[in-house]
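Visitor: Have a look at this one before I ask anything.
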Amino acid sequence: MITFALKFLIITMYKGFITPVEVPQSGVEITHECPIMLMGSCFAENIGSRLAENKFVCDINPFGVLYNPLSIAEAIKQVMSGRVYEEDAPELTEHGGLWHSWMHHSAFSAPSREECLARINGRLAGAHAFLPTTRLMLITFGTAYVYRHREGGMVVGNCHKLPERTFIRERLTPDEIVEEYTALIGELEKMNPKVHILFTVSPIRHLRDGLHANQLSKATLLLAIDRLCQLMPERCSYFPAYEIMMDELRDYRFYADDMMHPTPLAVEHIWRHFADVFFPLPTKKFLQTWEKIRQGLAHRPFNPESEEYKQFLSQIELRIHQLKEKYPTFDAENELLLCRTRLKK
């Protein structure tokens with residue numbers, strides 16, 4: 001099997017056949033002492049899962065995947081306010097035997113209103129407590145198109161497969177996005193003066209809109225983000241995930257079977273760029289050590305009862321303890337428990 005590292009090496013060997021994207025160095029440094037909140041499209045979840053796997057302190061999409069800037073902004077406002085959803089919340093709706101929220105991904109949907117509310121409010125409470133500690137908020141816009149509910153006029157985060165006639169489809173303008181986020185970031189700064197906003201645009205194409213409409217949508221998002229970064233250069237910055245996918249990885253081998261989502265290899269390539277820009281040297285060294293531990297725990301021995309394998313696990317346990325001494329916030333209790341469980345077999 002070809003590993004991600006080897007595949008990545010193959011890509012870099014053929015840089016003469018790609019258009020390298022210049023990723024500007026940022027003054028932002030991401031360490032394990034930097035709590036991160038990620039909001040937005042499923043690309044935010046891709047990066048978020050990598051951060052979580054590597055033991056960064058993260059809160060990933062407390063509303064589930066959201067795509068348009070207005071729904072993401074509204075979600076951030078509700079996290080800031082510590083909103084509690086009541087039974088008569090206008091966002092709640094029943095359809096197809098499930099209760100849904102117009103503001104939430106279908107992962108929050110449930111057969112009963114009570115269960116749906118419990119999922120929403122439990123997640124919201126955790127995010128509200130996490131936000132004041134956040135040092136970096138990564139916001140990934142997916143599309144400039146919004147769906148507005150015909151009856152109440154609410155911009156929905158998820159249509160939950162209701163008929164299209166239920167909604168009015170609109171495309172936001174860059175000015176609308178800039179106005180919304182200028183006010184939002186101002187309020188966020190009052191609550192948490194140390195937070196930095198890192199914008200990205202999802203490289204996932206929305207082919208349902210058509211290729212031309214998708215390009216117009218992405219251009220709208222890029223123009224809005226560029227303006228926000230100009231207005232608030234100390235508070236906002238941009239990471240070119242979209243450009244890396246479109247130019248460095250301009251080949252369908254880097255897309256999944258649906259021809260829209262990046263493959264794991266493409267996500268790995270973008271992650272490498274992300275790490276190069278934002279991780280200081282001590283963090284990179286930590287990741288090198290942690291990757292060896294992860295690979296060791298993923299190893300499946302021929303004889304798990306052998307003394308050789310038990311010594312191998314003991315060495316992994318020792319390395320974890322050494323990391324914990326060096327990085328006090330490092331949480332590896334699950335991995336230590338796994339080592340102890342296997343050693344007792």
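Chain identifiers are assigned as A, B, and so on, following the order in which chains appear in the structure tokens; residues are numbered from 1 within each chain, and ligands are numbered from 1 in order of appearance.
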With region 260-266 of chain A as the partner and 9 Å as the cut-off, tabulate the residues of region 171-222 of chain A that qualify, each row holding the nearest pair of atoms and their distance in Å to one decimal, using only C-alpha atoms, sorted by chain and rising number, as a tab-separated table.
Guide:
residue	atom	partner	partner_atom	distance
A:Pro203	CA	A:Pro262	CA	7.6
A:Ile204	CA	A:His261	CA	5.2
A:Arg205	CA	A:Met260	CA	5.1
A:His206	CA	A:Met260	CA	7.1
A:Leu207	CA	A:Met260	CA	7.3
Visitor: Write the selection just made, keeping C-alpha atoms, as an mmCIF file, in the first residue's frame?
Guide:
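Contents of part_18.cif, freshly written:
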data_model
loop_
_atom_site.group_PDB
_atom_site.id
_atom_site.type_symbol
_atom_site.label_atom_id
_atom_site.label_comp_id
_atom_site.auth_asym_id
_atom_site.auth_seq_id
_atom_site.Cartn_x
_atom_site.Cartn_y
_atom_site.Cartn_z
ATOM 1 C CA PRO A 203 -12.608 23.818 -2.735
ATOM 2 C CA ILE A 204 -15.720 21.634 -2.998
ATOM 3 C CA ARG A 205 -17.611 22.544 -6.150
ATOM 4 C CA HIS A 206 -21.378 22.931 -6.104
ATOM 5 C CA LEU A 207 -22.067 21.398 -9.514
#
Visitor: Taking only region 230-344 of chain A into account, list the residues labelled strand (DSSP E or B) by DSSP (computed from the backbone), as a list in words.
Guide: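 Selection result, strand (DSSP E or B) within region 230-344 of chain A: Cys236, Ser237, Tyr238, Tyr255 and Pro262 of chain A.
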Visitor: Near Arg171 (chain A), counting only C-alpha atoms, which residues have an atom at most 12 Å away, once you skip same-chain residues fewer than 2 positions from it, shown as a PyMOL selection string?
Guide: chain A and resi 68-70+143-148+155+168-169+173-177+209+213-214+216-221
Visitor: Hey, which of A:Gly64, A:Pro304, A:Gly296, A:Gly27 ends up closest to Phe43 (chain A)? Count only C-alpha atoms.
Guide: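 The answer is A:Gly64, which sits nearest to Phe43 (chain A).
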Visitor: Can you work out the spacing between CA of Gly96 (chain A) and CA of Ala73 (chain A) in Å, to one decimal?
Guide: 28.1 Å
Visitor: Extract, using only C-alpha atoms, all DNA, RNA and protein residues at most 9 Å from region 332-337 of chain A, discarding same-chain residues fewer than 3 positions from it, and format them as a PyMOL selection string.
Guide: chain A and resi 55+294+297+316-317+320-321+324+340-342
Visitor: Need to verify the contact set: Ile225 (chain A), 8 Å, only C-alpha atoms, exclusion of same-chain residues closer than 2 positions in sequence. Can you return it as a PDB file with N, CA and C atoms, in the first residue's frame?
Guide:
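Written file, result-v3.pdb:
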ATOM      1  N   VAL A 178     -19.659  41.417   3.472  1.00  0.00           N
ATOM      2  CA  VAL A 178     -18.742  42.299   4.192  1.00  0.00           C
ATOM      3  C   VAL A 178     -19.476  43.044   5.300  1.00  0.00           C
ATOM      4  N   PHE A 199     -10.103  32.969   7.386  1.00  0.00           N
ATOM      5  CA  PHE A 199     -11.102  32.612   6.382  1.00  0.00           C
ATOM      6  C   PHE A 199     -10.513  31.636   5.360  1.00  0.00           C
ATOM      7  N   LEU A 221     -17.447  35.015  -2.813  1.00  0.00           N
ATOM      8  CA  LEU A 221     -16.864  34.730  -1.499  1.00  0.00           C
ATOM      9  C   LEU A 221     -15.439  35.263  -1.406  1.00  0.00           C
ATOM     10  N   LEU A 222     -14.662  35.065  -2.457  1.00  0.00           N
ATOM     11  CA  LEU A 222     -13.272  35.520  -2.451  1.00  0.00           C
ATOM     12  C   LEU A 222     -13.179  37.037  -2.374  1.00  0.00           C
ATOM     13  N   LEU A 223     -14.041  37.735  -3.110  1.00  0.00           N
ATOM     14  CA  LEU A 223     -14.041  39.198  -3.072  1.00  0.00           C
ATOM     15  C   LEU A 223     -14.410  39.706  -1.678  1.00  0.00           C
ATOM     16  N   ARG A 227     -11.905  41.794   0.938  1.00  0.00           N
ATOM     17  CA  ARG A 227     -12.274  43.099   1.481  1.00  0.00           C
ATOM     18  C   ARG A 227     -12.201  43.101   3.013  1.00  0.00           C
ATOM     19  N   LEU A 228     -12.669  42.039   3.635  1.00  0.00           N
ATOM     20  CA  LEU A 228     -12.619  41.948   5.096  1.00  0.00           C
ATOM     21  C   LEU A 228     -11.178  41.948   5.596  1.00  0.00           C
ATOM     22  N   CYS A 229     -10.305  41.256   4.891  1.00  0.00           N
ATOM     23  CA  CYS A 229      -8.894  41.227   5.290  1.00  0.00           C
ATOM     24  C   CYS A 229      -8.230  42.586   5.104  1.00  0.00           C
ATOM     25  N   TYR A 238      -6.395  35.050   5.436  1.00  0.00           N
ATOM     26  CA  TYR A 238      -6.974  34.111   4.463  1.00  0.00           C
ATOM     27  C   TYR A 238      -5.978  33.001   4.163  1.00  0.00           C
TER      28      TYR A 238
END
Visitor: Just the number, please: distance in Å from CA of Asp331 (chain A) to CA of Gly48 (chain A), one decimal.
Guide: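 CA of Asp331 (chain A) sits 16.5 Å away from CA of Gly48 (chain A).
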Visitor: Given only C-alpha atoms as the basis, pick out the residue of A:Leu172, A:Ala275, A:Leu338, A:Ala125 nearest to Ser81 (chain A).
Guide: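 Smallest separation from Ser81 (chain A) among the options: A:Ala125.
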Visitor: Write out as a PyMOL selection string all residues of region 64-140 of chain A that backbone DSSP assigns to alpha helix (DSSP H).
Guide: chain A and resi 69-81+113-130
Visitor: Which of these, A:Leu92, A:Cys58, A:Ile30, A:Met191, has the shortest distance to Phe130 (chain A) once you count only C-alpha atoms?
Guide: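 Answer, going by the shortest atom-to-atom distance: A:Cys58.
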Visitor: At a cut-off of 8 Å, using only C-alpha atoms, what residues contact region 31-37 of chain A? Leave out same-chain residues fewer than 2 positions from it and give the result as a compact mmCIF listing (two decimals) with N, CA and C atoms, in the first residue's frame.
Guide:
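New file out_19.txt:
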# COMPACT_ATOMS: atom_id res chain seq x y z
N GLU A 29 0.28 31.94 14.68
CA GLU A 29 0.92 30.67 15.00
C GLU A 29 -0.09 29.78 15.73
N MET A 39 -15.85 26.65 11.85
CA MET A 39 -17.25 26.80 11.44
C MET A 39 -17.32 26.79 9.92
N LYS A 55 -4.23 16.21 18.29
CA LYS A 55 -4.34 16.62 19.69
C LYS A 55 -4.40 18.13 19.91
N PHE A 56 -4.83 18.88 18.90
CA PHE A 56 -5.13 20.28 19.12
C PHE A 56 -6.49 20.39 19.80
N VAL A 57 -6.68 21.46 20.55
CA VAL A 57 -7.94 21.68 21.26
C VAL A 57 -8.90 22.36 20.30
N CYS A 58 -9.97 21.65 19.91
CA CYS A 58 -10.87 22.13 18.86
C CYS A 58 -12.33 22.01 19.25
N ASP A 59 -13.13 22.91 18.69
CA ASP A 59 -14.59 22.75 18.65
C ASP A 59 -14.97 22.87 17.19
N ILE A 60 -15.48 21.78 16.63
CA ILE A 60 -15.72 21.69 15.18
C ILE A 60 -17.21 21.72 14.89
N ASN A 61 -17.64 22.77 14.20
CA ASN A 61 -19.00 22.89 13.69
C ASN A 61 -20.08 22.52 14.71
N LEU A 131 -16.03 29.30 23.40
CA LEU A 131 -15.73 30.49 22.60
C LEU A 131 -14.83 31.51 23.31
N THR A 133 -12.43 31.14 25.20
CA THR A 133 -11.04 30.66 25.24
C THR A 133 -10.41 30.59 23.86
N THR A 134 -11.23 30.73 22.82
CA THR A 134 -10.78 30.52 21.45
C THR A 134 -9.76 31.58 21.05
N ARG A 135 -8.68 31.13 20.45
CA ARG A 135 -7.67 32.05 19.94
C ARG A 135 -7.71 32.14 18.41
N LEU A 136 -8.26 31.11 17.78
CA LEU A 136 -8.37 31.12 16.32
C LEU A 136 -9.74 30.59 15.93
N MET A 137 -10.44 31.35 15.08
CA MET A 137 -11.70 30.86 14.53
C MET A 137 -11.51 30.70 13.03
N LEU A 138 -11.59 29.47 12.56
CA LEU A 138 -11.45 29.18 11.14
C LEU A 138 -12.85 29.09 10.53
N PHE A 279 2.16 26.31 11.74
CA PHE A 279 2.74 25.61 12.89
C PHE A 279 4.19 26.04 13.10
N PRO A 280 4.52 26.54 14.28
CA PRO A 280 5.93 26.84 14.58
C PRO A 280 6.72 25.54 14.71
N THR A 283 5.89 22.86 17.37
CA THR A 283 4.66 22.14 17.06
C THR A 283 4.91 21.09 15.99
N THR A 329 -0.79 20.52 28.34
CA THR A 329 -2.19 20.47 27.87
C THR A 329 -2.47 19.26 26.99
N PHE A 330 -1.46 18.46 26.71
CA PHE A 330 -1.60 17.31 25.83
C PHE A 330 -2.46 16.23 26.48
